Amino acid sequence: MKMKKLHKWCITTLMVMLCVSFVYVTNAHAQEVTATVEDLPTSGSPDRTTEWEETPYATDTTQTKTPSSVMRVASTSAPIIADISHHQGVINWEKASKVLDLVIIRTQDGSTTQDRQHAFNESSAIKYGVPFGVYAFSRATDKADAKVEARDFYNRANKNAKFYVVDVETVSGSSKSAMRGIINSYVEELRSLTNKKVGLYIAHHLYSDFNLDTSKFDFVWIPRYGATKPSYAYDLWQYTDRGIVSGISGGVDLSRLAPNVPLSYFTKDVGQVSDPAAYYKENPEKIATKKSVTLYSSSTFTSANSVKTVSKNTILDVASLAKSDIGVTVLKLKNGYYMSAKKVDSVKTVSNLSSYITTVPKKVMVQVTTGGYSKTTLSNANYERDYEVGKVLTVSDIAYTSSGIPRLKLSDGNYITASKKFTFPVISSVLNYHYTNPGYVMLEANVNIYTDVDLTNKSGKRKVIGDVLKVQDIAWTSEGQPRLKLGENQYITAYKTSSIKVRSDIKNYLTEVPKKVVTLKEVSAYKGVNFTDKNFVDLVAPNKVFTIKGIEYTSAGTPRVKTSTGLYLSAKKTAVQNVLASINNYYYIKPNRVLFTKATSVFTTVECDVKTGKTYKVGEFVKIQAVEYTKSGVPRLKIGENQYITANKLFVQKVNSTIEAYYYSMPTTVVAAQKIPVFTTVSFSKKTGKVYSAGSTIKVIGLEWTSGGTPRLKLATGQYITAKLMYYK
């Protein structure tokens, strides 16, 4: 099959002593040999004017044994594939059919020249059971002309043909660049007429110049004579025009199948003929599966050959393209298995795939501020938002661009880069861990310190509840689990149930939940843990006691005390003081003076663990300098430098500054020196109306005190009169 400009081809000389390779046939299949041949057959394509690059093989399919003058160098069982036209004259099909495995019959040379023998050749191939395809030499000058040629080709060719081939060997259009559009038009018209395979025959030396869209064809057929295979991807290689086939006069064009392409691809009626562009035409080398895909032990995809199923987003290395027994292109993997070559099943990936996340992680953490986009194309037109450093994102899938670059599809529908420079996978429960450096943590459980990030080797050191630890960094296991790094070869769990993020000055705050606190100064109360204007409720006066429900922390690690009423107060020790649950039995607001109602010792420390040796007797007074608290929140009264007494109301009584003018120990009877009114309450908030006259003798059953430390005399009636001395004789 060459340029068919008609003229008589005459062999005037014979090539002498030319060393060529030919195929030696046994049982109609050839064997490669090297021979010295004096008489080469005439070219099988006398119309051509251009040799296909090198000296063609002389392939004699009529030999029954290797001549003694040649040396056999290789052996194959390659099918005999010939292409013929009326230049082969009248073929003896009875003989030829015993040799040929496949024949490709010319139908026309452009629309104006119909091959004189094609009808006879087609009917004979059918009669003798030789599978055949048909080809047409393209002379189309433009796209419209190409459609005419395609229709003529289809209408003239026998409908039993297994496939159609468009033969392109010359510049028939206005230029080489115009040929791409012309041939596209040709094949599109053929596709509209038939669902059988459509192939392309393209001259080797024109392949690059024409730049035809081979993806539109089911197979590519390239001529290149001699031992050198075509430089481009091919399915059929026409290696000689000097073949010798029994029943055919003169030379004939012979072709070979590409590796991994079975003869059945051309002889059977099945295969991906509906949309060849849906299959890989060249080795993609590395792919990612778009869905679950079955792998097979051979290119024959049967249940018996099924090996296993790989899940979506599995990365596979491809060794080569192959053809199945029914003619479908398949992928031969480097692991020895085969899989579908349909582009809907996988996507060709970039070569530097190791730089990307390719297995769908449940979550990733952002390492560099990363843009989110509405499509896999990360362009300004598709920009949606930024994800900041440290942000943990939920991933729903991995998608690939048309050029094979992986993207992470997030649960919010946006796409981000899958580059490992921008994000890294973390465990799905990462939100239960400290995954950004908290700076400091306070332990809420006892923990061991380990020498490795996987926490397999204990260092022998242990930290306990309440310890505040400085964290150097967050370290990650290979599975994406965070650890707290305390120092060189010092790691502890980052689980939030074991520690809580705290401020660096946490020692200045309450961290253990007190039963009650008392405000030491005026503080603000809020309805939320975050102290914002929106959450502000009111100001709280000093010395206000609150029952505490718990301690909660802000995201920055600042503790707050939550009261039983739902209000939040500062946990700073200068603002609140943890106190006993029975705090109301003690003086926690500083009295100016106290009266000792029981003998009381003086201590050197607020904890009252070391006595000074001094003891106050009942009835003595002392001036109070301050109220201080023990570690457990017990108030003490400070009376001097390193001098503390109890604040328990059973031992001391707050008194006013003029206490000496009053009875401060109970008399049993008193005699009124002047009129004395009687009150219903100790605070004298309401008179009874009764008044004792001067000289009255009054029986007293008790001495009680006002909140300000003023004593009152209590009567048997439960009523009260003044204890001031000036009212009595």
# chains A, B, ... in the order shown; residues from 1 in each chain; ligands from 1

$ closest_atom_pairs --of "region 380-429 of chain A" --to "region 362-369 of chain A" --cutoff "6 Å" --atoms "only C-alpha atoms" --output "CSV"
residue,atom,partner,partner_atom,distance
A:Tyr387,CA,A:Thr369,CA,5.7
A:Glu388,CA,A:Thr369,CA,4.7
A:Val389,CA,A:Val366,CA,5.0
A:Gly390,CA,A:Val366,CA,5.2
A:Lys391,CA,A:Val366,CA,5.4
A:Val392,CA,A:Met365,CA,4.4
A:Leu393,CA,A:Val364,CA,5.4
A:Thr394,CA,A:Lys363,CA,4.5
A:Val395,CA,A:Lys362,CA,5.3
A:Phe422,CA,A:Val368,CA,5.0
A:Thr423,CA,A:Val366,CA,4.6
A:Phe424,CA,A:Val364,CA,5.3
A:Pro425,CA,A:Val364,CA,4.3
A:Val426,CA,A:Val364,CA,5.3
A:Ser428,CA,A:Lys362,CA,5.5

$ write_last_selection --atoms "C-alpha atoms" --output "PDB file, in the first residue's frame"
ATOM      1  CA  TYR A 387      -7.897  27.835  55.060  1.00  0.00           C
ATOM      2  CA  GLU A 388      -5.475  29.063  57.706  1.00  0.00           C
ATOM      3  CA  VAL A 389      -2.437  27.271  59.121  1.00  0.00           C
ATOM      4  CA  GLY A 390      -3.445  24.730  61.769  1.00  0.00           C
ATOM      5  CA  LYS A 391      -6.961  24.308  60.398  1.00  0.00           C
ATOM      6  CA  VAL A 392      -8.133  20.685  60.417  1.00  0.00           C
ATOM      7  CA  LEU A 393     -10.224  19.856  57.345  1.00  0.00           C
ATOM      8  CA  THR A 394     -12.467  16.868  56.657  1.00  0.00           C
ATOM      9  CA  VAL A 395     -11.770  15.216  53.294  1.00  0.00           C
ATOM     10  CA  PHE A 422       0.485  22.366  52.092  1.00  0.00           C
ATOM     11  CA  THR A 423      -1.370  19.720  54.108  1.00  0.00           C
ATOM     12  CA  PHE A 424      -0.709  16.413  55.794  1.00  0.00           C
ATOM     13  CA  PRO A 425      -3.058  13.590  56.835  1.00  0.00           C
ATOM     14  CA  VAL A 426      -4.094  13.282  60.463  1.00  0.00           C
ATOM     15  CA  SER A 428      -9.913  11.114  62.120  1.00  0.00           C
TER      16      SER A 428
END

$ select_by_dssp --residues "region 502-661 of chain A" --states "helix (DSSP H, G or I)" --output "list in words"
Ile506, Lys507, Asn508, Asp533, Lys534, Asn535, Ile583, Asn584, Asn585, Ile659, Glu660 and Ala661 of chain A

$ closest_atom_pairs --of "region 544-598 of chain A" --to "region 607-620 of chain A" --cutoff "9 Å" --atoms "only C-alpha atoms" --output "CSV"
residue,atom,partner,partner_atom,distance
A:Val594,CA,A:Glu620,CA,8.4
A:Leu595,CA,A:Glu620,CA,5.8
A:Phe596,CA,A:Val618,CA,4.9
A:Thr597,CA,A:Val618,CA,4.9
A:Lys598,CA,A:Val618,CA,5.0

$ residues_around --residues "Thr141 (chain A)" --least-positions-apart "2" --cutoff "12 Å" --atoms "only C-alpha atoms" --output "PDB file with N, CA and C atoms, in the first residue's frame"
ATOM      1  N   GLY A 110      -9.133   7.278  -3.556  1.00  0.00           N
ATOM      2  CA  GLY A 110      -9.989   8.444  -3.689  1.00  0.00           C
ATOM      3  C   GLY A 110     -11.368   7.992  -4.132  1.00  0.00           C
ATOM      4  N   SER A 111     -12.266   8.931  -4.391  1.00  0.00           N
ATOM      5  CA  SER A 111     -13.611   8.566  -4.838  1.00  0.00           C
ATOM      6  C   SER A 111     -13.657   8.202  -6.316  1.00  0.00           C
ATOM      7  N   SER A 138      -6.757   7.958   0.810  1.00  0.00           N
ATOM      8  CA  SER A 138      -7.420   9.258   0.888  1.00  0.00           C
ATOM      9  C   SER A 138      -6.803  10.249  -0.091  1.00  0.00           C
ATOM     10  N   ARG A 139      -7.687  10.843  -0.894  1.00  0.00           N
ATOM     11  CA  ARG A 139      -7.299  11.933  -1.798  1.00  0.00           C
ATOM     12  C   ARG A 139      -8.084  13.197  -1.472  1.00  0.00           C
ATOM     13  N   LYS A 143     -12.551  19.231   4.029  1.00  0.00           N
ATOM     14  CA  LYS A 143     -13.403  18.481   4.945  1.00  0.00           C
ATOM     15  C   LYS A 143     -14.643  17.927   4.247  1.00  0.00           C
ATOM     16  N   ALA A 144     -15.246  18.736   3.373  1.00  0.00           N
ATOM     17  CA  ALA A 144     -16.442  18.281   2.661  1.00  0.00           C
ATOM     18  C   ALA A 144     -16.103  17.127   1.726  1.00  0.00           C
ATOM     19  N   ASP A 145     -14.978  17.239   1.044  1.00  0.00           N
ATOM     20  CA  ASP A 145     -14.548  16.177   0.136  1.00  0.00           C
ATOM     21  C   ASP A 145     -14.269  14.899   0.911  1.00  0.00           C
ATOM     22  N   ALA A 146     -13.758  15.035   2.148  1.00  0.00           N
ATOM     23  CA  ALA A 146     -13.471  13.869   2.975  1.00  0.00           C
ATOM     24  C   ALA A 146     -14.745  13.109   3.307  1.00  0.00           C
ATOM     25  N   LYS A 147     -15.836  13.830   3.546  1.00  0.00           N
ATOM     26  CA  LYS A 147     -17.101  13.172   3.846  1.00  0.00           C
ATOM     27  C   LYS A 147     -17.622  12.401   2.638  1.00  0.00           C
ATOM     28  N   VAL A 148     -17.425  12.958   1.460  1.00  0.00           N
ATOM     29  CA  VAL A 148     -17.848  12.272   0.233  1.00  0.00           C
ATOM     30  C   VAL A 148     -17.061  10.979   0.076  1.00  0.00           C
ATOM     31  N   GLU A 149     -15.745  11.066   0.233  1.00  0.00           N
ATOM     32  CA  GLU A 149     -14.903   9.866   0.107  1.00  0.00           C
ATOM     33  C   GLU A 149     -15.291   8.810   1.127  1.00  0.00           C
ATOM     34  N   THR A 170      -0.145  11.136   1.492  1.00  0.00           N
ATOM     35  CA  THR A 170       0.234  12.285   0.683  1.00  0.00           C
ATOM     36  C   THR A 170      -0.498  13.523   1.152  1.00  0.00           C
ATOM     37  N   VAL A 171       0.034  14.684   0.813  1.00  0.00           N
ATOM     38  CA  VAL A 171      -0.613  15.952   1.129  1.00  0.00           C
ATOM     39  C   VAL A 171      -1.679  16.195   0.068  1.00  0.00           C
ATOM     40  N   SER A 172      -2.920  15.874   0.382  1.00  0.00           N
ATOM     41  CA  SER A 172      -4.004  16.068  -0.578  1.00  0.00           C
ATOM     42  C   SER A 172      -4.735  17.376  -0.349  1.00  0.00           C
ATOM     43  N   GLY A 173      -4.566  17.971   0.858  1.00  0.00           N
ATOM     44  CA  GLY A 173      -5.197  19.242   1.161  1.00  0.00           C
ATOM     45  C   GLY A 173      -4.300  20.405   0.795  1.00  0.00           C
ATOM     46  N   SER A 174      -4.655  21.581   1.280  1.00  0.00           N
ATOM     47  CA  SER A 174      -3.909  22.796   0.945  1.00  0.00           C
ATOM     48  C   SER A 174      -2.539  22.837   1.606  1.00  0.00           C
ATOM     49  N   SER A 175      -2.367  22.097   2.709  1.00  0.00           N
ATOM     50  CA  SER A 175      -1.091  22.097   3.425  1.00  0.00           C
ATOM     51  C   SER A 175      -1.037  20.879   4.331  1.00  0.00           C
ATOM     52  N   LYS A 176       0.141  20.644   4.897  1.00  0.00           N
ATOM     53  CA  LYS A 176       0.277  19.540   5.844  1.00  0.00           C
ATOM     54  C   LYS A 176      -0.593  19.768   7.078  1.00  0.00           C
ATOM     55  N   ALA A 178      -3.345  21.286   7.242  1.00  0.00           N
ATOM     56  CA  ALA A 178      -4.766  21.131   6.933  1.00  0.00           C
ATOM     57  C   ALA A 178      -5.202  19.674   6.983  1.00  0.00           C
ATOM     58  N   MET A 179      -4.245  18.754   6.909  1.00  0.00           N
ATOM     59  CA  MET A 179      -4.589  17.341   6.841  1.00  0.00           C
ATOM     60  C   MET A 179      -5.290  16.848   8.115  1.00  0.00           C
ATOM     61  N   ARG A 180      -4.976  17.439   9.273  1.00  0.00           N
ATOM     62  CA  ARG A 180      -5.593  16.999  10.528  1.00  0.00           C
ATOM     63  C   ARG A 180      -7.108  17.180  10.479  1.00  0.00           C
ATOM     64  N   GLY A 181      -7.559  18.363  10.054  1.00  0.00           N
ATOM     65  CA  GLY A 181      -8.991  18.623   9.969  1.00  0.00           C
ATOM     66  C   GLY A 181      -9.666  17.771   8.907  1.00  0.00           C
ATOM     67  N   ILE A 182      -8.986  17.539   7.774  1.00  0.00           N
ATOM     68  CA  ILE A 182      -9.557  16.729   6.692  1.00  0.00           C
ATOM     69  C   ILE A 182      -9.776  15.299   7.156  1.00  0.00           C
ATOM     70  N   ILE A 183      -8.769  14.714   7.789  1.00  0.00           N
ATOM     71  CA  ILE A 183      -8.879  13.319   8.229  1.00  0.00           C
ATOM     72  C   ILE A 183      -9.863  13.185   9.391  1.00  0.00           C
ATOM     73  N   SER A 185     -12.576  14.893   9.677  1.00  0.00           N
ATOM     74  CA  SER A 185     -13.867  14.893   8.997  1.00  0.00           C
ATOM     75  C   SER A 185     -14.150  13.529   8.379  1.00  0.00           C
ATOM     76  N   TYR A 186     -13.111  12.929   7.784  1.00  0.00           N
ATOM     77  CA  TYR A 186     -13.236  11.609   7.145  1.00  0.00           C
ATOM     78  C   TYR A 186     -13.693  10.564   8.165  1.00  0.00           C
TER      79      TYR A 186
END

$ closest_residue --among "A:Val537, A:Val103, A:Ile287, A:Val430" --to "Gly404 (chain A)" --atoms "only C-alpha atoms"
A:Ile287

$ residues_around --residues "Val682 (chain A)" --least-positions-apart "4" --cutoff "9 Å" --atoms "only C-alpha atoms" --output "JSON, numbers by chain"
{"A": [704, 705, 706, 711, 712, 713, 714, 719, 720, 721]}

$ select_by_dssp --residues "region 93-284 of chain A" --states "strand (DSSP E or B)" --output "count of residues only"
49

$ residues_around --residues "Val307 (chain A)" --least-positions-apart "4" --cutoff "8 Å" --atoms "only C-alpha atoms" --output "list in words"
Thr294, Leu295, Tyr296 and Ser297 of chain A

$ write_last_selection --atoms "C-alpha atoms" --output "PDB file, in the first residue's frame"
ATOM      1  CA  THR A 294     -10.939  -5.560  38.890  1.00  0.00           C
ATOM      2  CA  LEU A 295      -7.457  -6.862  38.056  1.00  0.00           C
ATOM      3  CA  TYR A 296      -6.976  -9.958  35.911  1.00  0.00           C
ATOM      4  CA  SER A 297      -4.191 -12.486  35.437  1.00  0.00           C
TER       5      SER A 297
END

$ decode --residues "region 108-126 of chain A" --atoms "C-alpha atoms" --output "CSV table (one decimal), in the first residue's frame"
chain,number,residue,atom,x,y,z
A,108,GLN,CA,-10.7,2.7,-3.6
A,109,ASP,CA,-8.1,5.3,-4.4
A,110,GLY,CA,-10.0,8.4,-3.7
A,111,SER,CA,-13.6,8.6,-4.8
A,112,THR,CA,-12.8,8.5,-8.6
A,113,THR,CA,-10.9,5.2,-8.7
A,114,GLN,CA,-12.6,2.1,-7.4
A,115,ASP,CA,-10.3,-0.9,-7.0
A,116,ARG,CA,-11.0,-3.3,-9.9
A,117,GLN,CA,-10.6,-6.5,-7.8
A,118,HIS,CA,-12.1,-5.5,-4.4
A,119,ALA,CA,-15.4,-7.1,-4.9
A,120,PHE,CA,-13.8,-10.4,-6.1
A,121,ASN,CA,-11.3,-10.3,-3.3
A,122,GLU,CA,-13.9,-9.6,-0.7
A,123,SER,CA,-16.2,-12.4,-1.8
A,124,SER,CA,-13.3,-14.8,-2.1
A,125,ALA,CA,-12.1,-14.0,1.4
A,126,ILE,CA,-15.6,-14.8,2.6
